[in-house]
$ cat data_31.cif   # mmCIF, C-alpha atoms and all ligand atoms
data_entry
loop_
_atom_site.label_atom_id
_atom_site.label_comp_id
_atom_site.auth_asym_id
_atom_site.auth_seq_id
_atom_site.Cartn_x
_atom_site.Cartn_y
_atom_site.Cartn_z
CA MET A 24 -21.47 4.18 25.98
CA ALA A 25 -18.57 2.49 24.18
CA LYS A 26 -15.74 4.82 23.25
CA VAL A 27 -15.34 5.18 19.50
CA THR A 28 -11.65 5.18 18.60
CA LYS A 29 -10.70 6.73 15.29
CA ARG A 30 -8.64 4.29 13.24
CA LYS A 31 -5.13 5.33 12.36
CA LYS A 32 -4.37 6.50 8.87
CA LEU A 33 -1.55 4.82 7.00
CA VAL A 34 1.27 6.17 4.85
CA VAL A 35 3.36 3.62 2.97
CA GLY A 36 6.67 4.27 1.25
CA ASN A 37 7.58 1.92 -1.59
CA TRP A 38 11.29 2.32 -2.26
CA LYS A 39 11.26 -0.13 -5.18
CA MET A 40 14.88 -0.98 -6.22
CA ASN A 41 16.32 2.06 -4.40
CA PRO A 42 18.62 3.34 -2.96
CA GLN A 43 21.76 1.57 -4.13
CA THR A 44 23.57 1.16 -0.78
CA LEU A 45 22.64 0.17 2.76
CA GLU A 46 24.28 3.34 4.04
CA GLU A 47 21.98 5.51 1.93
CA SER A 48 18.95 3.49 3.01
CA GLN A 49 19.82 4.08 6.69
CA LYS A 50 20.22 7.79 6.06
CA ILE A 51 16.79 8.08 4.43
CA PHE A 52 15.18 5.90 7.10
CA LYS A 53 16.62 7.99 9.93
CA GLY A 54 15.51 11.17 8.15
CA ILE A 55 11.93 9.89 8.07
CA LYS A 56 12.08 8.74 11.69
CA LYS A 57 13.16 12.14 12.93
CA VAL A 58 9.88 13.86 12.08
CA PHE A 59 7.60 10.88 12.21
CA GLY A 60 8.50 10.19 15.84
CA LYS A 61 6.32 13.20 16.75
CA VAL A 62 3.21 12.12 14.79
CA LYS A 63 0.85 9.95 16.80
CA ASN A 64 -2.24 9.39 14.64
CA VAL A 65 -0.58 7.98 11.51
CA GLU A 66 1.04 4.61 10.99
CA VAL A 67 4.07 4.89 8.73
CA LEU A 68 5.45 1.95 6.84
CA VAL A 69 8.58 1.75 4.71
CA CYS A 70 9.01 -1.04 2.15
CA PRO A 71 12.69 -1.23 1.21
CA PRO A 72 14.41 -3.83 -1.00
CA TYR A 73 14.76 -7.23 0.75
CA THR A 74 18.45 -6.81 1.59
CA TYR A 75 17.84 -3.70 3.73
CA ILE A 76 14.96 -5.10 5.79
CA GLN A 77 16.96 -6.74 8.57
CA PRO A 78 19.50 -3.94 9.07
CA LEU A 79 16.72 -1.34 9.11
CA ASN A 80 14.78 -3.45 11.59
CA LYS A 81 17.50 -2.65 14.13
CA ILE A 82 16.61 1.07 14.00
CA LEU A 83 12.91 0.54 13.47
CA GLU A 84 10.71 2.09 16.17
CA PRO A 85 8.27 3.80 15.70
CA LEU A 86 8.27 3.09 11.97
CA LYS A 87 7.07 -0.20 10.52
CA LEU A 88 8.67 -2.29 7.80
CA GLY A 89 7.13 -4.09 4.88
CA ALA A 90 8.34 -6.02 1.86
CA GLN A 91 7.53 -5.27 -1.77
CA ASP A 92 6.59 -8.83 -2.68
CA VAL A 93 6.40 -12.42 -1.37
CA PHE A 94 6.26 -15.88 -2.91
CA PHE A 95 3.03 -17.91 -2.82
CA GLU A 96 4.58 -21.17 -1.55
CA SER A 97 5.66 -21.35 2.09
CA VAL A 98 8.72 -23.57 1.77
CA GLY A 99 10.71 -25.54 -0.81
CA SER A 100 12.92 -25.44 -3.88
CA PHE A 101 12.00 -22.09 -5.42
CA THR A 102 15.22 -20.40 -6.45
CA GLY A 103 15.26 -16.67 -5.88
CA GLU A 104 11.99 -16.52 -3.95
CA VAL A 105 11.30 -15.29 -0.41
CA SER A 106 8.56 -16.75 1.79
CA ALA A 107 6.05 -15.01 4.05
CA SER A 108 7.57 -16.53 7.21
CA MET A 109 11.03 -15.25 6.17
CA LEU A 110 9.57 -11.75 5.92
CA VAL A 111 8.07 -12.02 9.40
CA ASP A 112 11.38 -13.32 10.73
CA ALA A 113 13.20 -10.35 9.15
CA GLY A 114 10.87 -7.88 10.90
CA CYS A 115 8.13 -7.18 8.36
CA ALA A 116 4.62 -6.36 9.53
CA TYR A 117 3.27 -5.82 6.01
CA VAL A 118 3.82 -6.89 2.42
CA ILE A 119 2.84 -5.17 -0.81
CA ILE A 120 1.16 -7.62 -3.19
CA GLY A 121 0.13 -7.06 -6.81
CA HIS A 122 1.99 -3.83 -7.46
CA SER A 123 1.44 -2.76 -11.09
CA GLU A 124 5.16 -3.09 -11.81
CA ARG A 125 4.97 -6.77 -10.84
CA ARG A 126 1.73 -7.25 -12.74
CA ALA A 127 3.48 -5.74 -15.77
CA MET A 128 6.13 -8.49 -15.41
CA GLY A 129 3.44 -11.16 -15.71
CA GLU A 130 1.90 -11.43 -12.25
CA THR A 131 -1.78 -12.33 -12.70
CA SER A 132 -4.58 -11.78 -10.22
CA GLU A 133 -4.58 -15.56 -9.68
CA ILE A 134 -0.96 -15.40 -8.53
CA VAL A 135 -1.83 -12.35 -6.41
CA SER A 136 -4.63 -14.29 -4.70
CA LYS A 137 -2.24 -17.16 -3.90
CA LYS A 138 0.30 -14.75 -2.44
CA ILE A 139 -2.39 -13.17 -0.28
CA ALA A 140 -3.49 -16.59 0.97
CA THR A 141 0.08 -17.44 2.06
CA ALA A 142 0.81 -14.07 3.61
CA VAL A 143 -2.34 -13.78 5.74
CA LYS A 144 -1.64 -17.17 7.28
CA GLU A 145 1.66 -15.75 8.57
CA ASN A 146 -0.24 -12.79 10.04
CA LEU A 147 1.28 -10.34 7.60
CA LYS A 148 -0.87 -7.37 6.72
CA ILE A 149 -1.32 -6.92 2.99
CA ILE A 150 -1.20 -3.82 0.85
CA LEU A 151 -3.13 -5.07 -2.18
CA CYS A 152 -2.52 -2.88 -5.23
CA VAL A 153 -5.21 -2.47 -7.85
CA GLY A 154 -5.67 0.05 -10.63
CA GLU A 155 -6.53 0.39 -14.27
CA ASN A 156 -3.83 0.84 -16.92
CA VAL A 157 -5.81 3.38 -18.91
CA ARG A 158 -9.03 5.37 -18.59
CA ASP A 159 -11.68 5.11 -21.28
CA THR A 160 -14.71 7.35 -21.65
CA SER A 161 -17.24 4.51 -21.60
CA GLY A 162 -16.33 3.44 -18.06
CA ASP A 163 -14.81 0.04 -18.90
CA TYR A 164 -12.04 0.82 -16.44
CA LEU A 165 -14.52 0.38 -13.60
CA GLU A 166 -15.33 -3.14 -14.78
CA PHE A 167 -11.59 -3.82 -15.04
CA LEU A 168 -11.05 -2.56 -11.51
CA LYS A 169 -13.94 -4.60 -10.12
CA ASN A 170 -12.65 -7.80 -11.74
CA GLN A 171 -9.08 -7.17 -10.64
CA LEU A 172 -10.23 -6.68 -7.07
CA LYS A 173 -12.51 -9.72 -7.07
CA ASP A 174 -9.96 -11.99 -8.77
CA SER A 175 -7.17 -10.89 -6.44
CA LEU A 176 -9.32 -11.68 -3.42
CA VAL A 177 -10.64 -15.02 -4.68
CA GLY A 178 -10.82 -17.56 -1.85
CA MET A 179 -9.82 -15.00 0.78
CA GLN A 180 -11.64 -15.82 3.98
CA LYS A 181 -13.74 -13.10 5.58
CA ARG A 182 -11.85 -13.40 8.87
CA TYR A 183 -8.69 -12.08 7.20
CA LEU A 184 -10.38 -9.13 5.54
CA SER A 185 -9.36 -6.56 8.13
CA ASN A 186 -5.70 -7.44 7.38
CA ILE A 187 -6.07 -6.23 3.81
CA VAL A 188 -5.40 -2.62 2.85
CA ILE A 189 -6.50 -1.73 -0.68
CA ALA A 190 -4.14 0.62 -2.51
CA TYR A 191 -5.82 2.15 -5.52
CA GLU A 192 -3.09 3.10 -7.98
CA PRO A 193 -4.16 4.22 -11.44
CA VAL A 194 -1.22 2.87 -13.42
CA TRP A 195 -1.33 5.77 -15.88
CA LEU A 196 -0.61 8.16 -12.99
CA ILE A 197 2.35 6.34 -11.42
CA GLY A 198 5.70 8.07 -11.83
CA LYS A 199 4.16 11.13 -13.49
CA SER A 200 4.36 14.86 -12.84
CA TYR A 201 3.11 15.71 -9.34
CA GLY A 202 0.92 18.47 -10.77
CA ASN A 203 -1.04 15.85 -12.74
CA ALA A 204 -2.04 13.60 -9.83
CA MET A 205 -5.70 12.73 -9.44
CA SER A 206 -7.97 15.28 -7.79
CA GLY A 207 -9.52 14.50 -4.42
CA GLN A 208 -12.96 14.49 -6.07
CA ASP A 209 -11.90 11.85 -8.64
CA VAL A 210 -10.25 9.73 -5.96
CA GLN A 211 -13.46 9.89 -3.92
CA GLU A 212 -15.48 8.36 -6.77
CA ILE A 213 -13.12 5.40 -6.95
CA SER A 214 -12.95 5.02 -3.19
CA ILE A 215 -16.76 4.75 -3.04
CA PHE A 216 -16.67 2.27 -5.93
CA ILE A 217 -14.07 0.06 -4.21
CA LYS A 218 -16.07 0.10 -0.96
CA LYS A 219 -19.15 -1.02 -2.91
CA VAL A 220 -17.28 -3.88 -4.61
CA LEU A 221 -15.94 -5.06 -1.24
CA ALA A 222 -19.38 -4.75 0.35
CA ASP A 223 -20.87 -6.87 -2.46
CA ILE A 224 -18.35 -9.64 -1.76
CA TYR A 225 -18.05 -9.54 2.00
CA GLY A 226 -21.01 -7.53 3.28
CA LYS A 227 -21.08 -3.91 4.37
CA ASP A 228 -20.12 -4.43 8.01
CA GLU A 229 -17.04 -6.51 7.29
CA SER A 230 -15.75 -4.43 4.38
CA SER A 231 -16.12 -1.14 6.25
CA LYS A 232 -13.00 -2.18 8.20
CA ASN A 233 -10.74 -2.01 5.15
CA LEU A 234 -8.39 0.90 4.77
CA ILE A 235 -8.18 2.38 1.29
CA LEU A 236 -5.06 4.18 0.11
CA TYR A 237 -4.40 6.25 -2.98
CA GLY A 238 -1.10 5.97 -4.87
CA GLY A 239 0.18 7.64 -8.02
CA SER A 240 2.48 10.67 -8.01
CA VAL A 241 1.61 11.72 -4.46
CA ALA A 242 3.61 14.72 -3.23
CA PRO A 243 3.11 17.55 -0.74
CA ILE A 244 1.49 19.70 -3.45
CA ASN A 245 -1.40 17.28 -4.08
CA ALA A 246 -1.67 15.30 -0.82
CA LYS A 247 -3.95 17.77 1.00
CA ASP A 248 -6.68 17.79 -1.64
CA ILE A 249 -6.67 13.99 -1.95
CA ILE A 250 -6.68 13.22 1.78
CA GLU A 251 -9.35 15.86 2.51
CA HIS A 252 -11.71 15.04 -0.36
CA GLY A 253 -10.76 11.57 -1.57
CA GLN A 254 -12.32 9.45 1.22
CA VAL A 255 -9.06 7.55 1.55
CA ASP A 256 -7.18 6.53 4.69
CA GLY A 257 -3.70 7.41 3.48
CA PHE A 258 -1.22 7.01 0.66
CA LEU A 259 1.11 4.61 -1.09
CA VAL A 260 4.06 6.76 -2.06
CA GLY A 261 6.83 5.94 -4.54
CA ARG A 262 9.47 8.55 -5.39
CA GLN A 263 8.67 10.94 -2.55
CA SER A 264 9.27 8.21 0.04
CA LEU A 265 12.97 8.38 -0.84
CA GLU A 266 13.00 12.11 0.00
CA PRO A 267 12.64 12.47 3.79
CA THR A 268 11.56 16.13 3.54
CA GLY A 269 8.76 15.46 1.07
CA PHE A 270 7.70 12.22 2.73
CA ASN A 271 7.56 13.85 6.16
CA GLU A 272 5.50 16.69 4.72
CA ILE A 273 3.02 14.14 3.30
CA ILE A 274 2.84 12.40 6.71
CA LYS A 275 2.17 15.76 8.38
CA ILE A 276 -0.62 16.58 5.89
CA VAL A 277 -2.25 13.19 6.54
CA SER A 278 -1.88 13.65 10.28
CA GLU A 279 -3.58 17.06 10.22
CA ALA A 280 -6.44 16.07 7.88
C1 LIG A 301 4.11 3.52 -7.01
O1 LIG A 301 4.87 3.05 -7.85
O2 LIG A 301 3.46 2.78 -6.27
C2 LIG A 301 3.98 4.98 -6.90
C3 LIG A 301 2.91 5.44 -6.34
O3 LIG A 301 5.00 5.73 -7.41
P1 LIG A 301 5.05 7.35 -7.48
O4 LIG A 301 4.56 7.88 -6.16
O5 LIG A 301 6.45 7.67 -7.75
O6 LIG A 301 4.11 7.73 -8.61
#

$ encode --input "data_31.cif" --output "structure tokens" --more "lines below"
Ligand code: PEP
Amino acid sequence: MAKVTKRKKLVVGNWKMNPQTLEESQKIFKGIKKVFGKVKNVEVLVCPPYTYIQPLNKILEPLKLGAQDVFFESVGSFTGEVSASMLVDAGCAYVIIGHSERRAMGETSEIVSKKIATAVKENLKIILCVGENVRDTSGDYLEFLKNQLKDSLVGMQKRYLSNIVIAYEPVWLIGKSYGNAMSGQDVQEISIFIKKVLADIYGKDESSKNLILYGGSVAPINAKDIIEHGQVDGFLVGRQSLEPTGFNEIIKIVSEA
């Protein structure tokens, strides 16, 4: 009988525009590495600002590096942009696409879909962020979520699907008090919903390969409930990923779940 291997969970740290110096970034990175080196069943990915990617790549193993964004064209006169192949060259295995902070600056799902198309061709794995801005009582947020997911994945070929990790991040819970994060039960409802939307587009067998993460004020005090009851495969972590102690605690919780 074929051996069934459990897929690895994933914890992603999104550093956003932090910290302010390379020296600090190396300190945080080494602090995460120290504990993470002992955890075998979780993949840990850090997404620093572009300028820290190459220097951190030199002290990488066993962590992985990702970028926080990518441009949708592969080459040419696009001032200020960074291409998918440049990210691979710098040492990135992943890229976050469609983070709510970029969507708030005007990034549409159409742009997101173009970025995904460019990145998958370079063999980058994608952390695709989706999430509603607000919750209403009539359930419109589910329709919003479904459309955002479908529009972001428009034109994405089935063969690339396993390279896409879906990060569900309710925008209204990002950067909030850790005590107010979503309960595991509530995350589970959304996780099932996302799996259904993916199954409707790509079929159940294909879409079952996708990892689903939760993000939004994750911290050691709420991580256990969400990972144990939320039917998610890990977390996308903002503020706590800049705190090695808290981030390592989250990794440990995920590893033991
Ligand atoms: C985020 O911005 O993706 C995020 C999850 O941030 P925080 O964990 O700080 O809420």

$ atom_distance --input "data_31.cif" --atom1 "CA of Gln263 in chain A" --atom2 "CA of Val157 in chain A"
23.1 Å

$ atom_distance --input "data_31.cif" --atom1 "CA of Met128 in chain A" --atom2 "CA of Asn170 in chain A"
19.1 Å

$ residues_near_ligand --input "data_31.cif" --ligand "ligand LIG 301 (chain A)" --cutoff "10 Å" --atoms "all atoms listed in the file" --output "VMD selection string"
chain A and resid 35 to 39 119 122 to 124 152 190 to 201 204 237 to 242 258 to 265

$ residues_around --input "data_31.cif" --residues "Ile250 in chain A" --least-positions-apart "6" --cutoff "10 Å" --atoms "all atoms listed in the file" --output "PyMOL selection string"
chain A and resi 206-207+210-211+236-237+256-258+273+276-280

$ residues_around --input "data_31.cif" --residues "Arg126 in chain A" --least-positions-apart "4" --cutoff "12 Å" --atoms "all atoms listed in the file" --output "short mmCIF file (atom, residue, chain, number, x, y, z; two decimals) with C-alpha atoms, keeping the file's coordinate frame"
data_model
loop_
_atom_site.label_atom_id
_atom_site.label_comp_id
_atom_site.auth_asym_id
_atom_site.auth_seq_id
_atom_site.Cartn_x
_atom_site.Cartn_y
_atom_site.Cartn_z
CA ASP A 92 6.59 -8.83 -2.68
CA ILE A 120 1.16 -7.62 -3.19
CA GLY A 121 0.13 -7.06 -6.81
CA HIS A 122 1.99 -3.83 -7.46
CA GLU A 130 1.90 -11.43 -12.25
CA THR A 131 -1.78 -12.33 -12.70
CA SER A 132 -4.58 -11.78 -10.22
CA GLU A 133 -4.58 -15.56 -9.68
CA ILE A 134 -0.96 -15.40 -8.53
CA VAL A 135 -1.83 -12.35 -6.41
CA LEU A 151 -3.13 -5.07 -2.18
CA CYS A 152 -2.52 -2.88 -5.23
CA VAL A 153 -5.21 -2.47 -7.85
CA GLY A 154 -5.67 0.05 -10.63
CA GLU A 155 -6.53 0.39 -14.27
CA ASN A 156 -3.83 0.84 -16.92
CA GLN A 171 -9.08 -7.17 -10.64
CA SER A 175 -7.17 -10.89 -6.44
CA VAL A 194 -1.22 2.87 -13.42
#

$ atom_distance --input "data_31.cif" --atom1 "CA of Val67 in chain A" --atom2 "CA of Val34 in chain A"
5.0 Å

$ residues_near_point --input "data_31.cif" --point "(16.0, -5.9, 6.3)" --cutoff "12 Å" --atoms "only C-alpha atoms" --output "JSON, numbers by chain"
{"A": [45, 48, 49, 52, 69, 70, 71, 72, 73, 74, 75, 76, 77, 78, 79, 80, 81, 82, 83, 87, 88, 89, 90, 91, 109, 110, 111, 112, 113, 114, 115, 116]}

$ residues_near_point --input "data_31.cif" --point "(4.3, 12.6, 13.4)" --cutoff "10 Å" --atoms "only C-alpha atoms" --output "VMD selection string"
chain A and resid 55 to 67 85 271 to 272 274 to 279

$ residues_around --input "data_31.cif" --residues "Glu145 in chain A" --least-positions-apart "3" --cutoff "12 Å" --atoms "all atoms listed in the file" --output "list in words"
Val93, Phe95, Glu96, Ser97, Ser106, Ala107, Ser108, Met109, Leu110, Val111, Asp112, Cys115, Ala116, Tyr117, Val118, Lys138, Ile139, Ala140, Thr141, Ala142, Lys148, Ile149, Tyr183 and Asn186 of chain A

$ write_last_selection --input "data_31.cif" --atoms "C-alpha atoms" --output "short mmCIF file (atom, residue, chain, number, x, y, z; two decimals), in the coordinates of the input"
data_model
loop_
_atom_site.label_atom_id
_atom_site.label_comp_id
_atom_site.auth_asym_id
_atom_site.auth_seq_id
_atom_site.Cartn_x
_atom_site.Cartn_y
_atom_site.Cartn_z
CA VAL A 93 6.40 -12.42 -1.37
CA PHE A 95 3.03 -17.91 -2.82
CA GLU A 96 4.58 -21.17 -1.55
CA SER A 97 5.66 -21.35 2.09
CA SER A 106 8.56 -16.75 1.79
CA ALA A 107 6.05 -15.01 4.05
CA SER A 108 7.57 -16.53 7.21
CA MET A 109 11.03 -15.25 6.17
CA LEU A 110 9.57 -11.75 5.92
CA VAL A 111 8.07 -12.02 9.40
CA ASP A 112 11.38 -13.32 10.73
CA CYS A 115 8.13 -7.18 8.36
CA ALA A 116 4.62 -6.36 9.53
CA TYR A 117 3.27 -5.82 6.01
CA VAL A 118 3.82 -6.89 2.42
CA LYS A 138 0.30 -14.75 -2.44
CA ILE A 139 -2.39 -13.17 -0.28
CA ALA A 140 -3.49 -16.59 0.97
CA THR A 141 0.08 -17.44 2.06
CA ALA A 142 0.81 -14.07 3.61
CA LYS A 148 -0.87 -7.37 6.72
CA ILE A 149 -1.32 -6.92 2.99
CA TYR A 183 -8.69 -12.08 7.20
CA ASN A 186 -5.70 -7.44 7.38
#

$ axis_aligned_box --input "data_31.cif" --around "range 175-180 of chain A" --padding-each-side "3 Å" --output "lines of an AutoDock Vina configuration file"
center_x = -9.4
center_y = -14.2
center_z = -1.2
size_x = 10.5
size_y = 12.7
size_z = 16.4
